[in-house]
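Just structure35.json here, JSON, C-alpha atoms and all ligand atoms:
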```
[["chain", "number", "residue", "atom", "x", "y", "z"],
["A", 296, "MET", "CA", -1.89, 78.55, -27.60],
["A", 297, "LYS", "CA", 1.04, 79.20, -25.26],
["A", 298, "LYS", "CA", 0.42, 79.58, -21.53],
["A", 299, "VAL", "CA", 0.37, 83.06, -19.93],
["A", 300, "ARG", "CA", 3.51, 82.96, -17.76],
["A", 301, "LYS", "CA", 4.63, 86.59, -17.69],
["A", 302, "ALA", "CA", 3.19, 89.87, -16.45],
["A", 303, "VAL", "CA", 4.41, 93.38, -17.27],
["A", 304, "LEU", "CA", 4.03, 95.97, -14.49],
["A", 305, "PRO", "CA", 4.73, 99.56, -15.60],
["A", 306, "VAL", "CA", 6.01, 101.47, -12.56],
["A", 307, "ALA", "CA", 7.99, 104.35, -14.05],
["A", 308, "GLY", "CA", 5.38, 107.09, -13.40],
["A", 309, "PHE", "CA", 6.16, 110.13, -11.24],
["A", 310, "GLY", "CA", 3.07, 109.80, -9.04],
["A", 311, "THR", "CA", 2.40, 113.54, -9.27],
["A", 312, "ARG", "CA", -0.99, 113.22, -7.57],
["A", 313, "PHE", "CA", 0.79, 112.20, -4.38],
["A", 314, "LEU", "CA", 3.42, 114.93, -4.31],
["A", 315, "PRO", "CA", 5.25, 115.81, -2.15],
["A", 316, "ALA", "CA", 5.19, 112.24, -0.74],
["A", 317, "THR", "CA", 6.41, 110.90, -4.09],
["A", 318, "LYS", "CA", 9.20, 113.46, -4.48],
["A", 319, "SER", "CA", 11.76, 111.01, -3.13],
["A", 320, "SER", "CA", 9.91, 107.70, -3.01],
["A", 321, "SER", "CA", 7.84, 105.63, -5.33],
["A", 322, "LYS", "CA", 4.02, 105.84, -5.44],
["A", 323, "GLU", "CA", 3.89, 102.05, -5.78],
["A", 324, "MET", "CA", 5.49, 101.75, -2.33],
["A", 325, "LEU", "CA", 2.63, 103.59, -0.55],
["A", 326, "PRO", "CA", 1.20, 101.02, 1.88],
["A", 327, "LEU", "CA", -2.34, 99.75, 2.33],
["A", 328, "VAL", "CA", -2.07, 98.88, 6.04],
["A", 329, "ASP", "CA", 1.29, 97.01, 5.96],
["A", 330, "LYS", "CA", 1.96, 96.07, 2.34],
["A", 331, "PRO", "CA", 2.87, 98.41, -0.50],
["A", 332, "LEU", "CA", 0.53, 98.78, -3.50],
["A", 333, "ILE", "CA", 3.03, 96.92, -5.66],
["A", 334, "HIS", "CA", 2.75, 93.86, -3.39],
["A", 335, "TYR", "CA", -0.98, 93.58, -4.14],
["A", 336, "ALA", "CA", -0.29, 93.94, -7.88],
["A", 337, "VAL", "CA", 2.33, 91.15, -7.86],
["A", 338, "LYS", "CA", 0.03, 88.94, -5.76],
["A", 339, "ASP", "CA", -2.78, 89.53, -8.30],
["A", 340, "ALA", "CA", -0.45, 88.06, -10.97],
["A", 341, "VAL", "CA", 0.98, 85.23, -8.88],
["A", 342, "ASP", "CA", -2.53, 84.12, -7.81],
["A", 343, "ALA", "CA", -3.26, 83.66, -11.52],
["A", 344, "GLY", "CA", -0.24, 81.35, -11.95],
["A", 345, "ILE", "CA", 2.12, 84.00, -13.43],
["A", 346, "GLU", "CA", 5.76, 83.00, -12.93],
["A", 347, "GLN", "CA", 7.73, 86.01, -14.16],
["A", 348, "ILE", "CA", 7.15, 89.68, -13.32],
["A", 349, "ILE", "CA", 8.69, 92.25, -15.65],
["A", 350, "PHE", "CA", 8.83, 95.69, -14.04],
["A", 351, "VAL", "CA", 9.25, 98.66, -16.33],
["A", 352, "THR", "CA", 10.86, 101.13, -13.95],
["A", 353, "GLY", "CA", 12.40, 104.58, -14.08],
["A", 354, "ARG", "CA", 14.52, 106.85, -11.94],
["A", 355, "GLY", "CA", 13.90, 106.78, -8.20],
["A", 356, "LYS", "CA", 12.28, 103.32, -8.14],
["A", 357, "ARG", "CA", 15.07, 101.44, -6.33],
["A", 358, "ALA", "CA", 12.75, 100.70, -3.37],
["A", 359, "ILE", "CA", 10.69, 98.35, -5.58],
["A", 360, "GLU", "CA", 13.78, 96.30, -6.49],
["A", 361, "ASP", "CA", 14.87, 96.14, -2.85],
["A", 362, "TYR", "CA", 11.38, 95.12, -1.73],
["A", 363, "PHE", "CA", 11.38, 92.02, -3.93],
["A", 364, "ASP", "CA", 15.02, 91.13, -3.17],
["A", 365, "ILE", "CA", 16.46, 89.27, -0.19],
["A", 366, "SER", "CA", 17.36, 91.66, 2.62],
["A", 367, "PHE", "CA", 20.34, 90.00, 4.24],
["A", 368, "GLU", "CA", 20.86, 92.69, 6.89],
["A", 369, "LEU", "CA", 17.20, 92.69, 7.91],
["A", 370, "GLU", "CA", 17.09, 88.88, 8.14],
["A", 371, "TYR", "CA", 20.30, 88.87, 10.20],
["A", 372, "HIS", "CA", 18.84, 91.47, 12.55],
["A", 373, "LEU", "CA", 15.52, 89.57, 12.95],
["A", 374, "LYS", "CA", 17.41, 86.30, 13.58],
["A", 375, "PHE", "CA", 19.39, 88.02, 16.33],
["A", 376, "GLN", "CA", 16.08, 89.16, 17.90],
["A", 377, "GLY", "CA", 14.61, 85.64, 17.67],
["A", 378, "LYS", "CA", 11.83, 86.76, 15.27],
["A", 379, "ASP", "CA", 12.00, 83.71, 13.02],
["A", 380, "GLU", "CA", 8.38, 83.91, 11.77],
["A", 381, "LEU", "CA", 8.99, 87.45, 10.53],
["A", 382, "ILE", "CA", 12.04, 86.24, 8.61],
["A", 383, "GLU", "CA", 9.86, 83.67, 6.91],
["A", 384, "ASP", "CA", 7.25, 86.32, 5.94],
["A", 385, "ILE", "CA", 9.90, 88.64, 4.57],
["A", 386, "ARG", "CA", 11.63, 85.87, 2.61],
["A", 387, "LYS", "CA", 8.33, 84.78, 1.02],
["A", 388, "ILE", "CA", 8.13, 88.17, -0.75],
["A", 389, "SER", "CA", 11.30, 87.58, -2.74],
["A", 390, "ASP", "CA", 10.16, 84.03, -3.55],
["A", 391, "MET", "CA", 6.81, 85.17, -5.03],
["A", 392, "ALA", "CA", 8.07, 85.09, -8.63],
["A", 393, "ASP", "CA", 11.07, 85.61, -10.87],
["A", 394, "PHE", "CA", 11.61, 89.39, -11.17],
["A", 395, "VAL", "CA", 13.06, 91.20, -14.19],
["A", 396, "TYR", "CA", 13.66, 94.96, -14.42],
["A", 397, "MET", "CA", 13.65, 97.13, -17.55],
["A", 398, "ARG", "CA", 14.00, 100.92, -17.66],
["A", 399, "GLN", "CA", 11.72, 103.36, -19.43],
["A", 400, "LYS", "CA", 14.10, 106.24, -19.90],
["A", 401, "GLU", "CA", 11.49, 108.88, -20.81],
["A", 402, "PRO", "CA", 7.84, 109.25, -19.75],
["A", 403, "LYS", "CA", 6.29, 108.68, -23.18],
["A", 404, "GLY", "CA", 3.10, 106.94, -22.11],
["A", 405, "LEU", "CA", 1.70, 103.58, -21.05],
["A", 406, "GLY", "CA", 2.00, 102.05, -24.53],
["A", 407, "HIS", "CA", 5.65, 103.09, -24.71],
["A", 408, "ALA", "CA", 6.30, 101.55, -21.26],
["A", 409, "ILE", "CA", 4.77, 98.20, -22.27],
["A", 410, "LEU", "CA", 6.82, 98.15, -25.48],
["A", 411, "ARG", "CA", 10.00, 98.21, -23.38],
["A", 412, "ALA", "CA", 9.16, 94.64, -22.30],
["A", 413, "LYS", "CA", 8.87, 93.30, -25.87],
["A", 414, "ASP", "CA", 12.16, 91.36, -25.97],
["A", 415, "VAL", "CA", 11.70, 89.83, -22.51],
["A", 416, "VAL", "CA", 8.11, 88.76, -23.25],
["A", 417, "GLY", "CA", 8.95, 87.38, -26.71],
["A", 418, "ASP", "CA", 6.31, 85.57, -28.74],
["A", 419, "GLU", "CA", 3.96, 84.69, -25.84],
["A", 420, "PRO", "CA", 0.66, 85.99, -24.51],
["A", 421, "PHE", "CA", 1.21, 88.05, -21.36],
["A", 422, "ALA", "CA", -0.60, 90.02, -18.66],
["A", 423, "VAL", "CA", -0.35, 93.74, -17.85],
["A", 424, "ILE", "CA", -1.16, 94.97, -14.37],
["A", 425, "LEU", "CA", -1.43, 98.60, -13.27],
["A", 426, "ALA", "CA", -0.65, 98.78, -9.57],
["A", 427, "ASP", "CA", -2.92, 101.82, -9.10],
["A", 428, "ASP", "CA", -5.97, 99.61, -9.54],
["A", 429, "VAL", "CA", -6.33, 97.36, -6.51],
["A", 430, "ILE", "CA", -9.03, 94.69, -6.83],
["A", 431, "GLU", "CA", -10.41, 93.00, -3.77],
["A", 432, "ASN", "CA", -12.00, 89.69, -4.68],
["A", 433, "ASP", "CA", -11.59, 85.95, -3.91],
["A", 434, "GLU", "CA", -10.36, 85.37, -7.45],
["A", 435, "SER", "CA", -7.62, 87.76, -8.56],
["A", 436, "GLY", "CA", -8.30, 90.27, -11.36],
["A", 437, "THR", "CA", -5.68, 88.67, -13.64],
["A", 438, "LYS", "CA", -7.15, 85.19, -12.98],
["A", 439, "GLN", "CA", -10.60, 86.43, -14.03],
["A", 440, "LEU", "CA", -9.21, 87.63, -17.37],
["A", 441, "LEU", "CA", -7.17, 84.46, -17.81],
["A", 442, "ASP", "CA", -10.34, 82.38, -17.63],
["A", 443, "VAL", "CA", -11.73, 84.35, -20.59],
["A", 444, "PHE", "CA", -8.40, 84.16, -22.44],
["A", 445, "ASN", "CA", -8.24, 80.39, -22.01],
["A", 446, "ARG", "CA", -11.66, 80.05, -23.63],
["A", 447, "TYR", "CA", -11.22, 82.44, -26.58],
["A", 448, "HIS", "CA", -7.41, 82.64, -27.04],
["A", 449, "CYS", "CA", -7.62, 86.39, -27.73],
["A", 450, "SER", "CA", -6.65, 89.54, -25.84],
["A", 451, "VAL", "CA", -8.92, 90.51, -22.92],
["A", 452, "VAL", "CA", -9.19, 93.78, -20.98],
["A", 453, "GLY", "CA", -10.66, 94.31, -17.52],
["A", 454, "LEU", "CA", -13.74, 96.57, -17.45],
["A", 455, "GLU", "CA", -15.83, 98.45, -14.93],
["A", 456, "GLU", "CA", -18.99, 100.52, -15.40],
["A", 457, "VAL", "CA", -18.23, 104.06, -14.21],
["A", 458, "PRO", "CA", -20.45, 107.14, -13.71],
["A", 459, "PRO", "CA", -20.63, 109.43, -16.81],
["A", 460, "SER", "CA", -18.73, 112.13, -14.90],
["A", 461, "ASP", "CA", -15.72, 109.79, -14.63],
["A", 462, "VAL", "CA", -15.35, 108.64, -18.26],
["A", 463, "SER", "CA", -12.61, 111.20, -18.96],
["A", 464, "LYS", "CA", -10.32, 109.40, -16.47],
["A", 465, "TYR", "CA", -10.26, 106.12, -18.41],
["A", 466, "GLY", "CA", -9.98, 104.27, -21.69],
["A", 467, "ILE", "CA", -13.64, 103.80, -22.71],
["A", 468, "VAL", "CA", -14.87, 100.91, -24.86],
["A", 469, "SER", "CA", -17.97, 99.73, -26.65],
["A", 470, "GLY", "CA", -19.01, 96.24, -27.73],
["A", 471, "LYS", "CA", -21.54, 93.44, -27.70],
["A", 472, "GLU", "CA", -22.19, 91.22, -24.70],
["A", 473, "ILE", "CA", -21.58, 87.60, -25.76],
["A", 474, "GLU", "CA", -21.92, 85.95, -22.37],
["A", 475, "ASN", "CA", -22.68, 87.21, -18.90],
["A", 476, "ARG", "CA", -20.29, 90.18, -18.28],
["A", 477, "VAL", "CA", -18.05, 89.28, -21.27],
["A", 478, "PHE", "CA", -18.04, 91.60, -24.33],
["A", 479, "LYS", "CA", -16.64, 91.39, -27.82],
["A", 480, "LEU", "CA", -15.25, 94.92, -28.16],
["A", 481, "ASP", "CA", -15.41, 97.09, -31.27],
["A", 482, "ASN", "CA", -14.19, 100.54, -30.25],
["A", 483, "PHE", "CA", -11.76, 102.12, -27.80],
["A", 484, "VAL", "CA", -11.14, 105.79, -26.94],
["A", 485, "GLU", "CA", -8.62, 107.05, -24.41],
["A", 486, "LYS", "CA", -10.06, 109.51, -21.87],
["A", 487, "PRO", "CA", -12.99, 110.95, -23.86],
["A", 488, "SER", "CA", -15.08, 113.89, -22.67],
["A", 489, "PRO", "CA", -18.51, 112.78, -21.38],
["A", 490, "ASP", "CA", -20.19, 113.72, -24.69],
["A", 491, "GLU", "CA", -17.59, 111.82, -26.79],
["A", 492, "ALA", "CA", -17.85, 108.67, -24.63],
["A", 493, "LEU", "CA", -18.88, 105.47, -26.40],
["A", 494, "SER", "CA", -20.42, 104.01, -23.25],
["A", 495, "ASN", "CA", -19.73, 103.99, -19.52],
["A", 496, "MET", "CA", -17.50, 100.88, -19.72],
["A", 497, "ALA", "CA", -14.01, 101.81, -18.59],
["A", 498, "ILE", "CA", -10.79, 99.85, -18.95],
["A", 499, "ILE", "CA", -9.29, 99.18, -15.55],
["A", 500, "GLY", "CA", -5.72, 98.15, -14.94],
["A", 501, "ARG", "CA", -5.81, 94.46, -15.91],
["A", 502, "TYR", "CA", -5.09, 93.17, -19.42],
["A", 503, "ILE", "CA", -4.08, 89.94, -21.18],
["A", 504, "PHE", "CA", -2.51, 90.45, -24.62],
["A", 505, "THR", "CA", -1.34, 88.31, -27.47],
["A", 506, "SER", "CA", 2.20, 89.36, -28.45],
["A", 507, "LYS", "CA", 0.71, 91.07, -31.54],
["A", 508, "ILE", "CA", 0.03, 94.11, -29.33],
["A", 509, "PHE", "CA", 3.73, 95.01, -29.57],
["A", 510, "ASP", "CA", 3.48, 95.48, -33.38],
["A", 511, "GLU", "CA", 0.46, 97.71, -32.85],
["A", 512, "ILE", "CA", 2.17, 99.83, -30.19],
["A", 513, "GLU", "CA", 5.09, 100.29, -32.58],
["A", 514, "LYS", "CA", 2.70, 101.61, -35.21],
["A", 515, "VAL", "CA", 0.51, 104.02, -33.20],
["A", 516, "LYS", "CA", 1.22, 107.73, -33.27],
["A", 517, "PRO", "CA", 1.32, 109.81, -30.07],
["A", 518, "GLY", "CA", -2.27, 110.35, -28.89],
["A", 519, "LYS", "CA", -3.78, 111.96, -25.75],
["A", 520, "LYS", "CA", -1.23, 114.16, -23.95],
["A", 521, "GLY", "CA", 1.22, 113.50, -26.84],
["A", 522, "GLU", "CA", 1.92, 110.04, -25.37],
["A", 523, "ILE", "CA", 1.95, 106.56, -26.93],
["A", 524, "GLN", "CA", -1.38, 105.33, -25.59],
["A", 525, "LEU", "CA", -1.98, 101.63, -24.95],
["A", 526, "THR", "CA", -5.71, 102.17, -25.68],
["A", 527, "ASP", "CA", -4.89, 103.37, -29.23],
["A", 528, "ALA", "CA", -2.81, 100.23, -29.80],
["A", 529, "ILE", "CA", -5.69, 98.04, -28.55],
["A", 530, "LEU", "CA", -8.04, 99.74, -31.03],
["A", 531, "SER", "CA", -5.58, 98.94, -33.80],
["A", 532, "LEU", "CA", -5.21, 95.33, -32.52],
["A", 533, "SER", "CA", -9.00, 94.92, -32.53],
["A", 534, "LYS", "CA", -8.99, 95.48, -36.29],
["A", 535, "GLN", "CA", -6.78, 92.39, -36.77],
["A", 536, "GLU", "CA", -7.88, 90.06, -33.94],
["A", 537, "VAL", "CA", -10.91, 89.91, -31.65],
["A", 538, "VAL", "CA", -10.44, 91.74, -28.34],
["A", 539, "TYR", "CA", -12.69, 90.84, -25.43],
["A", 540, "GLY", "CA", -13.61, 92.73, -22.28],
["A", 541, "LYS", "CA", -14.71, 91.32, -18.97],
["A", 542, "ILE", "CA", -16.56, 93.32, -16.32],
["A", 543, "MET", "CA", -14.49, 92.48, -13.29],
["A", 544, "ASP", "CA", -15.94, 90.86, -10.21],
["A", 545, "GLY", "CA", -15.02, 92.33, -6.83],
["A", 546, "LYS", "CA", -14.37, 95.79, -5.52],
["A", 547, "ARG", "CA", -11.87, 98.03, -7.29],
["A", 548, "PHE", "CA", -10.03, 100.90, -5.64],
["A", 549, "ASP", "CA", -8.40, 103.63, -7.70],
["A", 550, "CYS", "CA", -5.29, 103.99, -5.58],
["A", 551, "GLY", "CA", -3.84, 106.45, -8.09],
["A", 552, "SER", "CA", -6.06, 109.12, -6.50],
["A", 553, "LYS", "CA", -5.94, 110.33, -2.89],
["A", 554, "ASP", "CA", -9.62, 109.64, -2.43],
["A", 555, "GLY", "CA", -9.41, 106.05, -3.76],
["A", 556, "PHE", "CA", -6.23, 105.36, -1.82],
["A", 557, "LEU", "CA", -7.78, 106.50, 1.47],
["A", 558, "LYS", "CA", -10.95, 104.46, 0.85],
["A", 559, "ALA", "CA", -8.81, 101.38, 0.18],
["A", 560, "THR", "CA", -6.80, 102.05, 3.35],
["A", 561, "VAL", "CA", -9.97, 102.19, 5.45],
["A", 562, "GLU", "CA", -11.45, 99.04, 3.91],
["A", 563, "PHE", "CA", -8.23, 97.04, 4.17],
["A", 564, "ALA", "CA", -7.87, 98.14, 7.79],
["A", 565, "LEU", "CA", -11.43, 97.00, 8.50],
["A", 566, "ASN", "CA", -10.51, 93.57, 7.09],
["A", 567, "ASP", "CA", -7.30, 93.21, 9.05],
["A", 568, "ASN", "CA", -7.82, 90.80, 11.96],
["A", 569, "GLU", "CA", -5.14, 92.43, 14.08],
["A", 570, "ILE", "CA", -6.51, 95.97, 14.02],
["A", 571, "LYS", "CA", -10.11, 95.85, 12.80],
["A", 572, "ASP", "CA", -11.94, 95.96, 16.16],
["A", 573, "GLU", "CA", -10.04, 98.93, 17.54],
["A", 574, "PHE", "CA", -10.10, 100.68, 14.19],
["A", 575, "LYS", "CA", -13.87, 100.27, 13.81],
["A", 576, "LYS", "CA", -14.43, 101.75, 17.27],
["A", 577, "TYR", "CA", -12.15, 104.64, 16.39],
["A", 578, "LEU", "CA", -13.88, 105.34, 13.06],
["A", 579, "ARG", "CA", -17.32, 105.37, 14.73],
["A", 580, "LYS", "CA", -16.05, 107.89, 17.25],
["A", 581, "VAL", "CA", -14.47, 110.16, 14.64],
["A", 582, "VAL", "CA", -17.49, 110.08, 12.33],
["A", 583, "GLU", "CA", -19.88, 110.96, 15.16],
["A", 584, "CYS", "CA", -18.02, 114.19, 15.86],
["B", 601, "LIG", "C1", -4.44, 104.21, -17.73],
["B", 601, "LIG", "C2", -4.93, 103.92, -19.15],
["B", 601, "LIG", "C3", -6.45, 104.01, -19.23],
["B", 601, "LIG", "C4", -7.08, 103.08, -18.19],
["B", 601, "LIG", "C5", -6.52, 103.40, -16.78],
["B", 601, "LIG", "C6", -7.00, 102.38, -15.76],
["B", 601, "LIG", "O1", -4.68, 105.57, -17.44],
["B", 601, "LIG", "O2", -4.33, 104.84, -20.05],
["B", 601, "LIG", "O3", -6.88, 103.62, -20.52],
["B", 601, "LIG", "O4", -8.48, 103.21, -18.22],
["B", 601, "LIG", "O5", -5.09, 103.37, -16.77],
["B", 601, "LIG", "O6", -6.64, 102.74, -14.45],
["B", 601, "LIG", "P1", -3.98, 106.33, -16.17],
["B", 601, "LIG", "O7", -4.78, 105.96, -14.96],
["B", 601, "LIG", "O8", -2.57, 105.83, -16.12],
["B", 601, "LIG", "O9", -4.06, 107.78, -16.50]]
```

Written as structure tokens, how would this file's structure read?
Ligand code: G1P
Amino acid sequence: MKKVRKAVLPVAGFGTRFLPATKSSSKEMLPLVDKPLIHYAVKDAVDAGIEQIIFVTGRGKRAIEDYFDISFELEYHLKFQGKDELIEDIRKISDMADFVYMRQKEPKGLGHAILRAKDVVGDEPFAVILADDVIENDESGTKQLLDVFNRYHCSVVGLEEVPPSDVSKYGIVSGKEIENRVFKLDNFVEKPSPDEALSNMAIIGRYIFTSKIFDEIEKVKPGKKGEIQLTDAILSLSKQEVVYGKIMDGKRFDCGSKDGFLKATVEFALNDNEIKDEFKKYLRKVVEC
């Protein structure tokens, strides 16, 4: 089985839940303390040994390309100010991986976005990372799935148990536990109502796929919201090959919602050596009032 070297990061969405902030800038560039969400997503891949990042972008996403490029003017300015260590930090970002950009011209769904990367991925297994889902853990989310992939050589999706009231926000799966926290999956439904839900196991934004997923995406008809749903393609894939699910270790933040984004901001700030003491004092004071 070929090695997983590439990750596809769909970033073409409008980020409507963060309007008006996302009217003129990308949701993926919202920062948790001092790094944008997309930085954490790329790091999740790179920490799993991924070498190439394929962004599927859309209009108004230029900031992402600039972030992972060399900024000659900024480096020149920092050099002039004698801030050499900052130059090094900034340069490291563009050296994280090899970056490729594809465009998704129309918002036709997550499955449709992933399909845009078909020719660049080729006939290899690959990862998919949704930047909205930030996972805080010693071992990256993608690395956790890769460990399962390397044992079974089949597609693997990241899972989390969610409260019944939240099932309609996610792709929901069912299956049989074959080892601690690893499931052989047999059904997949995109955003069911609580009474349609197969279980409370939700797909979260980490996946490893065999390249066969592309054929399945090409075949599926528009589903929920009239979009080409990745979950529908995974269901179809599971009828040809085994698909596994792994309940992820660590803490996941849904940074696609205001509530999740603010919780992540607070927790990341409380883990930041430079600001945590002051910030903790401040939070105590605010909460007391
Ligand atoms: C997407 C997927 C869904 C998955 C979720 C994870 O939904 O369609 O199956 O559970 O990501 O965050 P979205 O959050 O883009 O609506």

Open item on the list: Using all atoms listed in the file for the distances, tell me which of A:Pro402, A:Pro487, A:Gly466, A:Pro459 is nearest to ligand LIG 601 (chain B).
Closed with: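 So, comparing all the options, the nearest one is A:Gly466.
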
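Considering all atoms listed in the file, the residues that reside within 6 Å of ligand LIG 601 (chain B) can be listed as Asp428, Tyr465, Gly466, Glu485, Ala497, Ile498, Ile499, Gly500 and Thr526 of chain A.
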
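Using all atoms listed in the file, the smallest distance between any of A:Pro458, A:Gly545, A:Gly555, A:Gly377 and A:Asp433 comes from A:Gly545.
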
Task: Spatial neighbours of stretch 359-369 of chain A, max dist 8 Å, all atoms listed in the file, sep filter under 2 positions, as a list of chain:residue names - done: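 Skipping anything fewer than 2 positions along the chain leaves A:Ser321, A:Glu323, A:Met324, A:Ile333, A:Lys356, A:Arg357, A:Tyr371, A:His372, A:Leu373, A:Arg386, A:Ile388, A:Ser389, A:Phe394.
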
TODO: Go through A:Leu565, A:Val582, A:Met397, A:Met496 and flag the residue nearest A:Asp414, using all atoms listed in the file for the distances.
DONE: A:Met397

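Using only C-alpha atoms, the nearest neighbour of A:Lys534 within the list A:Asp481, A:Glu522, A:Asp554, A:Glu370 is A:Asp481.
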
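In this structure, atom CA of A:Val416 sits 12.1 Å away from atom CA of A:Tyr396.
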
TODO: Take the point (-12.4, 84.2, -26.3) as written in the file and pick out every residue within 10 Å of it, counting only C-alpha atoms; give the list as a PyMOL selection string.
DONE: chain A and resi 441-451+473+477-479+537-540

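Using all atoms listed in the file, the nearest neighbour of A:Ile570 within the list A:Leu314, A:Glu346, A:Ile503, A:Asp329 is A:Asp329.
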
Task: Straight-line distance linking atom CA of A:Lys403 with atom CA of A:Arg300, stated in Å to one decimal - done: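 Here the two named atoms are 26.4 Å from each other.
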
TODO: Could you check how far atom CA of A:Val328 sits from atom CA of A:Glu569, in Å to one decimal?
DONE: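 A separation of 10.8 Å between them.
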
TODO: Would you please work out which residue, of A:Pro326, A:Gly308, A:Gly406, A:Gly355, is nearest to A:Ile512 when using only C-alpha atoms?
DONE: A:Gly406

- [ ] Would you list the contacts of A:Lys400 as a list in words, taking every protein, DNA or RNA residue within 9 Å and counting all atoms listed in the file, but skipping same-chain residues closer than 4 positions in sequence?
- [x]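 Everything that qualifies: Ala307, Thr352, Gly353 and Arg354 of chain A.
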
Skipping near chain neighbours, those fewer than 3 positions away, what residues fall within 10 Å of A:Leu410 using all atoms listed in the file, listed as a PDB file with C-alpha atoms, in the coordinates of the input?
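Result file is part.pdb:
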```
ATOM      1  CA  VAL A 303       4.410  93.380 -17.270  1.00  0.00           C
ATOM      2  CA  VAL A 351       9.250  98.660 -16.330  1.00  0.00           C
ATOM      3  CA  GLN A 399      11.720 103.360 -19.430  1.00  0.00           C
ATOM      4  CA  LEU A 405       1.700 103.580 -21.050  1.00  0.00           C
ATOM      5  CA  GLY A 406       2.000 102.050 -24.530  1.00  0.00           C
ATOM      6  CA  HIS A 407       5.650 103.090 -24.710  1.00  0.00           C
ATOM      7  CA  LYS A 413       8.870  93.300 -25.870  1.00  0.00           C
ATOM      8  CA  ASP A 414      12.160  91.360 -25.970  1.00  0.00           C
ATOM      9  CA  VAL A 416       8.110  88.760 -23.250  1.00  0.00           C
ATOM     10  CA  ILE A 508       0.030  94.110 -29.330  1.00  0.00           C
ATOM     11  CA  PHE A 509       3.730  95.010 -29.570  1.00  0.00           C
ATOM     12  CA  ASP A 510       3.480  95.480 -33.380  1.00  0.00           C
ATOM     13  CA  GLU A 511       0.460  97.710 -32.850  1.00  0.00           C
ATOM     14  CA  ILE A 512       2.170  99.830 -30.190  1.00  0.00           C
ATOM     15  CA  GLU A 513       5.090 100.290 -32.580  1.00  0.00           C
ATOM     16  CA  ILE A 523       1.950 106.560 -26.930  1.00  0.00           C
ATOM     17  CA  LEU A 525      -1.980 101.630 -24.950  1.00  0.00           C
TER      18      LEU A 525
END
```

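Taking only C-alpha atoms, the non-local environment of A:Arg501 within 10 Å (same-chain residues fewer than 2 positions away omitted) comprises Ala336, Asp339, Ala340, Ala422, Val423, Ile424, Leu425, Ala426, Asp428, Val429, Ile430, Gly436, Thr437, Lys438, Gln439, Leu440, Val451, Val452, Gly453, Leu454, Ile498, Ile499, Ile503, Lys541 and Met543 of chain A.
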
Provide stretch 405-414 of chain A rebuilt to N, CA, C and O atoms, formatted as an mmCIF file, in the coordinates of the input.
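In the end it all went to rebuild.cif:
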```
data_model
loop_
_atom_site.group_PDB
_atom_site.id
_atom_site.type_symbol
_atom_site.label_atom_id
_atom_site.label_comp_id
_atom_site.auth_asym_id
_atom_site.auth_seq_id
_atom_site.Cartn_x
_atom_site.Cartn_y
_atom_site.Cartn_z
ATOM 1 N N LEU A 405 1.886 104.980 -21.466
ATOM 2 C CA LEU A 405 1.700 103.580 -21.050
ATOM 3 C C LEU A 405 2.070 102.600 -22.168
ATOM 4 O O LEU A 405 2.730 101.580 -21.930
ATOM 5 N N GLY A 406 1.675 102.928 -23.410
ATOM 6 C CA GLY A 406 2.000 102.050 -24.530
ATOM 7 C C GLY A 406 3.511 101.927 -24.676
ATOM 8 O O GLY A 406 4.068 100.827 -24.816
ATOM 9 N N HIS A 407 4.193 103.051 -24.592
ATOM 10 C CA HIS A 407 5.650 103.090 -24.710
ATOM 11 C C HIS A 407 6.302 102.250 -23.601
ATOM 12 O O HIS A 407 7.262 101.508 -23.846
ATOM 13 N N ALA A 408 5.750 102.330 -22.387
ATOM 14 C CA ALA A 408 6.300 101.550 -21.260
ATOM 15 C C ALA A 408 6.165 100.046 -21.542
ATOM 16 O O ALA A 408 7.123 99.276 -21.356
ATOM 17 N N ILE A 409 4.997 99.635 -22.024
ATOM 18 C CA ILE A 409 4.770 98.200 -22.270
ATOM 19 C C ILE A 409 5.705 97.696 -23.374
ATOM 20 O O ILE A 409 6.247 96.581 -23.290
ATOM 21 N N LEU A 410 5.939 98.541 -24.361
ATOM 22 C CA LEU A 410 6.820 98.150 -25.480
ATOM 23 C C LEU A 410 8.241 97.848 -25.003
ATOM 24 O O LEU A 410 8.939 97.048 -25.615
ATOM 25 N N ARG A 411 8.656 98.473 -23.918
ATOM 26 C CA ARG A 411 10.000 98.210 -23.380
ATOM 27 C C ARG A 411 10.179 96.729 -23.026
ATOM 28 O O ARG A 411 11.281 96.221 -22.980
ATOM 29 N N ALA A 412 9.065 96.034 -22.750
ATOM 30 C CA ALA A 412 9.160 94.640 -22.300
ATOM 31 C C ALA A 412 9.133 93.648 -23.472
ATOM 32 O O ALA A 412 9.200 92.438 -23.266
ATOM 33 N N LYS A 413 9.066 94.161 -24.686
ATOM 34 C CA LYS A 413 8.870 93.300 -25.870
ATOM 35 C C LYS A 413 9.882 92.134 -25.932
ATOM 36 O O LYS A 413 9.487 90.981 -26.083
ATOM 37 N N ASP A 414 11.163 92.425 -25.807
ATOM 38 C CA ASP A 414 12.160 91.360 -25.970
ATOM 39 C C ASP A 414 12.099 90.340 -24.848
ATOM 40 O O ASP A 414 12.362 89.165 -25.052
#
```
